Amino acid sequence: MKHNTKQKPPPNNCQLSIINYQLKSFLAVLICLLPAISHAQQPILPLIPYPRSVEMQGGSMELPEQVNIYTGKETEQVALTLQTFFQKNCGKDVRINTRSKVKATDNAICLINDPSFSEESYNLQITASSVILQGRPSGIFYALQTLLQLMPTENTQVISLPQLSIRDEPRFAYRGVMIDVGRYFYDTDFLKKFIDCMASYKFNVFHWHLTEYSGWRIEINRYPDLTRIGAFRRTTRQGHEQYTYDRLPNGGYYTQEDINEMVRYAAERHITIIPEIEMPGHSLAMLAAYPELSCTGGPFKVQEDWGIEPDILCAGNEKTFEVLENILDEVIGLFPSKIIHIGGDEAPKIRWKACPKCQQRIREEGLKDENELQSYFIRRIQKYMESKGREILGWDEILEGGIAPGAMVMSWRGEKGGIEAARQHHRVVMAPTNYMYFDYYQGNWRYEPLSIGGYVPLDWVYSYEPYSKELTPEQHQYIYGVQGNLWSEYIHNETHLEYMAFPRVTALSEIAWSPASARDYTGFRQRLSENLLWLEKRNINYRIPDPEGLNDMVSKQNEIVIDLKIPVKGGEIFYTIDGNDPLQYGKKYTGPLKIHLDEKIPLDLKCVVRTPLGRVSRIYSAQYTCRK
């Protein structure tokens with residue numbers, strides 16, 4: 001768990017949330033005023049993330065009835081993906097021609113493998129007679145994602161593409177999303193669907209949080225009780241004071257065959273899976289199976305409610321390190337990722353303080369205290385991983401007591417840990433709670449699914465800048481990337497997880513990929529309004545964004561005008577101003593509303609959005625007050 005699991009929903013008056021939101025919205029608007037260099041004096045294409053450079057050539061290209069794709073062996077998978085798309089959505093005859101060397105050819109789609117490009121950069125050129133995707137294999141794959149977003153969202157045999165030239169490359173090397181499967185188990189079919197979406201938005205890292213207090217999800221052949229005992233809990237006792245939420249059993253784990261298939265599937269989409277094996281804390285499921293690895297000897301059970309547990313792995317017990325090394329050997333054998341996440345966060349030292357073995361370890365190693373004992377623990381694991389040719393990544397607590405060169409830091413408790421790590425020349429992945437925690441509320445909590453707390457709306461995600469002003473330009477090189485996190489304490493099923501992820505993940509993709517000069521929230525919302533239909537067609541349960549212009553307001557005038565923008569292209573807004581449910585009594589919004597405000601009674605505007613494909617949003621609301 002990487003946040004306060006005991007926090008309650010926002011207070012009923014929401015005053016603090018409103019103040020925070022107004023401040024955040026103001027900052028987001030400032031970012032929107034920055035020049036959008038790539039967008040200047042040209043049509044804005046519905047592309048997310050937006051490319052580094054787009055040059056419109058004028059005119060269009062219509063694909064012929066028979067589509068010829070020319071490819072080399074290295075990019076044959078991209079050709080097959082295109083073939084599947086055309087056959088499924090257009091009914092076109094598609095022929096793949098594999099050649100040792102490919103060059104631009106009229107009346108064809110050409111995939112040109114060019115070693116002179118950097119690993120993930122690409123050019124996409126659409127002329128009157130051809131489509132050319134050029135780069136190395138990864139770059140050509142990303143060019144494909146751009147091309148697919150230019151395709152019509154409806155099934156049609158006529159495909160008309162704009163003539164253009166795109167030159168593109170990512171801003172950050174690490175572009176990640178994390179899913180916590182420790183609290184709630186999601187099957188591999190869903191995870192593959194999620195990885196497909198990640199690939200579409202040019203992410204390249206799936207952080208798989210596999211072990212937790214409440215569930216051990218990875219099969220380890222040498223220690224079968226990790227999954228026999230640690231993968232299942234009898235019940236889940238949780239909820240805020242006014243809720244009784246989920247008391248059902250939960251469990252499941254991934255076999256090594258499952259993991260091999262997931263790794264293969266992700267690699268085909270140029271995504272690296274980084275597994276996380278938590279240590280020394282968040283290990284209660286492991287201790288339930290092997291209590292001898294604790295300081296007290298147990299007994300223990302898999303956690304059934306949320307919170308930080310005092311029982312962690314014993315740092316004074318040599319058996320602990322023997323078991324961890326054996327586990328990591330199997331993990332390394334399953335995951336080719338050079339980076340392995342070892343957790344390292346939220347490890348209370350209360351048991352270590354009272355443990356004779358841990359205190360003996362402190363004396364023998366000449367350590368100052370239990371914080372340095374954790375540093376010893378992490379350094380020892382790091383040294384072992386380096387002997388196997390791997391690198392460790394840990395939450396920012398691993399900085400406490402000092403870490404060895406080469407360790408990577410994931411900054412979650414704000415940016416402080418990431419800033420300190422960058423100053424020490426460690427690579428950093430920025431994932432601060434106040435921007436990158438997608439299990440937090442994204443709208444008015446009264447109308448949203450129960451969440452763990454916090455408030456991270458879409459515009460606030462988009463406003464995030466990973467390069468802290470507290471770092472020098474030279475230190476910016478250590479900001480390796482950015483990541484959004486989906487912790488699952490209150491996300492019990494796949495459709496809910498999609499709702500919490502999208503469209504915030506699309507905003508993150510632009511932070512991770514697009515140059516800062518090209519980021520423009522107004523343009524992003526315009527592009528998103530079309531891109532959401534693409535998500536809907538793929539059966540993604542995204543949250544329909546709030547209409548722009550729907551904001552709490554205090555006016556000195558009795559007469560105000562409210563101008564709303566429909567957040568989904570071709571959608572509709574239905575509203576009420578009398579407190580009634582807009583789902584039942586709403587009027588269709590047809591243009592700006594001229595409203596009279598009473599000085600004594602605030603006016604509540606409620607609305608819902610319906611997409612062209614029939615999906616209906618949750619209720620959105622804003623309060624308008626007259627104070628002279």
# chains A, B, ... in the order shown; residues from 1 in each chain; ligands from 1

call {"tool": "residues_around", "arguments": {"residues": "Ala354 of chain A", "least_positions_apart": "5", "cutoff": "9 Å", "atoms": "only C-alpha atoms", "output": "list in words"}}
result
Cys295, Lys349 and Gln359 of chain A

call {"tool": "residues_around", "arguments": {"residues": "Leu399 of chain A", "least_positions_apart": "2", "cutoff": "10 Å", "atoms": "only C-alpha atoms", "output": "ChimeraX atom specification"}}
result
/A:344,371,374-375,378,394-397,401-404,407-409,417-418,420-421,424

call {"tool": "closest_atom_pairs", "arguments": {"of": "segment 344-456 of chain A", "to": "segment 299-323 of chain A", "cutoff": "6 Å", "atoms": "only C-alpha atoms", "output": "tab-separated table"}}
result
residue	atom	partner	partner_atom	distance
A:Pro348	CA	A:Pro310	CA	5.6
A:Lys357	CA	A:Gly316	CA	4.5
A:Cys358	CA	A:Gly316	CA	4.0
A:Arg361	CA	A:Gly316	CA	5.3

call {"tool": "select_by_dssp", "arguments": {"residues": "segment 250-315 of chain A", "states": "alpha helix (DSSP H)", "output": "ChimeraX atom specification"}}
result
/A:256-268,284-289

call {"tool": "write_last_selection", "arguments": {"atoms": "N, CA and C atoms", "output": "CSV table (one decimal), in the first residue's frame"}}
result
chain,number,residue,atom,x,y,z
A,256,GLN,N,3.4,-20.1,-13.6
A,256,GLN,CA,4.6,-19.7,-14.4
A,256,GLN,C,4.3,-19.8,-15.8
A,257,GLU,N,3.4,-20.6,-16.3
A,257,GLU,CA,3.0,-20.6,-17.7
A,257,GLU,C,2.2,-19.3,-18.0
A,258,ASP,N,1.3,-18.9,-17.1
A,258,ASP,CA,0.6,-17.6,-17.2
A,258,ASP,C,1.6,-16.5,-17.4
A,259,ILE,N,2.6,-16.5,-16.6
A,259,ILE,CA,3.6,-15.4,-16.6
A,259,ILE,C,4.4,-15.4,-17.9
A,260,ASN,N,4.8,-16.6,-18.3
A,260,ASN,CA,5.6,-16.7,-19.6
A,260,ASN,C,4.7,-16.1,-20.8
A,261,GLU,N,3.4,-16.4,-20.7
A,261,GLU,CA,2.5,-15.9,-21.8
A,261,GLU,C,2.4,-14.4,-21.7
A,262,MET,N,2.2,-13.9,-20.5
A,262,MET,CA,2.1,-12.4,-20.3
A,262,MET,C,3.4,-11.7,-20.8
A,263,VAL,N,4.5,-12.2,-20.4
A,263,VAL,CA,5.8,-11.6,-20.9
A,263,VAL,C,5.9,-11.6,-22.4
A,264,ARG,N,5.5,-12.7,-23.0
A,264,ARG,CA,5.6,-12.8,-24.5
A,264,ARG,C,4.6,-11.8,-25.1
A,265,TYR,N,3.4,-11.8,-24.6
A,265,TYR,CA,2.3,-10.9,-25.1
A,265,TYR,C,2.8,-9.4,-25.0
A,266,ALA,N,3.3,-9.1,-23.9
A,266,ALA,CA,3.7,-7.7,-23.7
A,266,ALA,C,4.9,-7.3,-24.6
A,267,ALA,N,5.8,-8.2,-24.7
A,267,ALA,CA,7.0,-8.0,-25.5
A,267,ALA,C,6.6,-7.7,-27.0
A,268,GLU,N,5.6,-8.5,-27.5
A,268,GLU,CA,5.2,-8.2,-28.9
A,268,GLU,C,4.6,-6.8,-29.0
A,284,LEU,N,3.0,-10.0,4.7
A,284,LEU,CA,2.2,-10.9,5.6
A,284,LEU,C,1.7,-12.1,4.9
A,285,ALA,N,1.4,-12.1,3.6
A,285,ALA,CA,1.0,-13.3,2.9
A,285,ALA,C,2.1,-14.3,2.9
A,286,MET,N,3.3,-13.8,2.7
A,286,MET,CA,4.5,-14.7,2.7
A,286,MET,C,4.7,-15.3,4.1
A,287,LEU,N,4.5,-14.4,5.1
A,287,LEU,CA,4.7,-14.9,6.5
A,287,LEU,C,3.6,-15.9,6.9
A,288,ALA,N,2.4,-15.8,6.3
A,288,ALA,CA,1.4,-16.7,6.6
A,288,ALA,C,1.8,-18.1,6.2
A,289,ALA,N,2.5,-18.2,5.1
A,289,ALA,CA,3.0,-19.5,4.5
A,289,ALA,C,4.3,-19.9,5.2

call {"tool": "closest_residue", "arguments": {"among": "A:Gly139, A:Gly523, A:Pro280, A:Gly586", "to": "Asp345 of chain A", "atoms": "only C-alpha atoms"}}
result
A:Pro280

call {"tool": "residues_around", "arguments": {"residues": "Glu465 of chain A", "least_positions_apart": "2", "cutoff": "10 Å", "atoms": "only C-alpha atoms", "output": "list in words"}}
result
Ile31, Met430, Tyr435, Val461, Tyr462, Ser463, Tyr467, Ser468, Lys469, Val482, Ile511, Ala512 and Ala516 of chain A

call {"tool": "select_by_dssp", "arguments": {"residues": "segment 272-469 of chain A", "states": "strand (DSSP E or B)", "output": "number ranges by chain"}}
result
A: 272-279, 294, 313, 339-343, 391-395, 408-411, 428-430, 437, 441, 455

call {"tool": "closest_atom_pairs", "arguments": {"of": "segment 147-233 of chain A", "to": "segment 537-550 of chain A", "cutoff": "9 Å", "atoms": "only C-alpha atoms", "output": "Markdown table"}}
result
| residue | atom | partner | partner_atom | distance |
| --- | --- | --- | --- | --- |
| A:Thr153 | CA | A:Lys537 | CA | 7.3 |
| A:Glu154 | CA | A:Lys537 | CA | 8.3 |
| A:Phe194 | CA | A:Ile540 | CA | 9.0 |
| A:Cys197 | CA | A:Ile540 | CA | 8.9 |

call {"tool": "closest_residue", "arguments": {"among": "A:Ser165, A:Asn326, A:Gln66, A:Gln157", "to": "Asn221 of chain A", "atoms": "only C-alpha atoms"}}
result
A:Asn326

call {"tool": "atom_distance", "arguments": {"atom1": "atom CA of Ile271 of chain A", "atom2": "atom CA of Lys101 of chain A"}}
result
26.0 Å

call {"tool": "residues_around", "arguments": {"residues": "Gly91 of chain A", "least_positions_apart": "4", "cutoff": "9 Å", "atoms": "only C-alpha atoms", "output": "PyMOL selection string"}}
result
chain A and resi 65+86-87+155-157

call {"tool": "atom_distance", "arguments": {"atom1": "atom CA of Leu45 of chain A", "atom2": "atom CA of Pro115 of chain A"}}
result
28.3 Å

call {"tool": "closest_atom_pairs", "arguments": {"of": "segment 95-153 of chain A", "to": "segment 53-61 of chain A", "cutoff": "10 Å", "atoms": "only C-alpha atoms", "output": "CSV"}}
result
residue,atom,partner,partner_atom,distance
A:Asn107,CA,A:Met61,CA,9.9
A:Asn123,CA,A:Ser53,CA,9.6
A:Leu124,CA,A:Val54,CA,9.5
A:Gln125,CA,A:Glu55,CA,9.5
A:Ile126,CA,A:Met61,CA,7.4
A:Thr127,CA,A:Met61,CA,6.6
A:Ala128,CA,A:Met61,CA,4.9
A:Ser129,CA,A:Met61,CA,6.5
A:Ser130,CA,A:Met61,CA,7.8
A:Val131,CA,A:Met61,CA,8.9

call {"tool": "write_last_selection", "arguments": {"atoms": "N, CA and C atoms", "output": "compact mmCIF listing (two decimals), in the first residue's frame"}}
result
# COMPACT_ATOMS: atom_id res chain seq x y z
N ASN A 107 1.17 3.01 -53.87
CA ASN A 107 -0.02 2.18 -53.65
C ASN A 107 0.25 1.06 -52.63
N ASN A 123 9.38 8.04 -38.16
CA ASN A 123 8.74 8.94 -39.10
C ASN A 123 7.51 8.25 -39.66
N LEU A 124 6.44 8.98 -39.81
CA LEU A 124 5.23 8.50 -40.48
C LEU A 124 4.90 9.49 -41.58
N GLN A 125 4.88 9.00 -42.81
CA GLN A 125 4.58 9.87 -43.94
C GLN A 125 3.42 9.29 -44.73
N ILE A 126 2.42 10.11 -44.97
CA ILE A 126 1.27 9.71 -45.78
C ILE A 126 1.24 10.64 -46.99
N THR A 127 1.44 10.04 -48.16
CA THR A 127 1.40 10.80 -49.41
C THR A 127 0.10 10.48 -50.15
N ALA A 128 0.00 10.98 -51.37
CA ALA A 128 -1.21 10.72 -52.16
C ALA A 128 -1.34 9.26 -52.53
N SER A 129 -0.22 8.51 -52.48
CA SER A 129 -0.27 7.13 -52.96
C SER A 129 0.35 6.10 -52.04
N SER A 130 0.90 6.52 -50.88
CA SER A 130 1.56 5.54 -50.03
C SER A 130 1.56 5.98 -48.57
N VAL A 131 1.78 4.99 -47.70
CA VAL A 131 1.95 5.22 -46.28
C VAL A 131 3.29 4.61 -45.88

call {"tool": "residues_around", "arguments": {"residues": "segment 561-574 of chain A", "least_positions_apart": "2", "cutoff": "6 Å", "atoms": "only C-alpha atoms", "output": "MDAnalysis selection string"}}
result
chainID A and resid 529:530 547:549 586:589 592:594 607:612

call {"tool": "closest_residue", "arguments": {"among": "A:Gly135, A:Thr272, A:Gly614, A:Glu489", "to": "Arg237 of chain A", "atoms": "only C-alpha atoms"}}
result
A:Glu489

call {"tool": "atom_distance", "arguments": {"atom1": "atom CA of Thr71 of chain A", "atom2": "atom CA of Asn97 of chain A"}}
result
6.2 Å
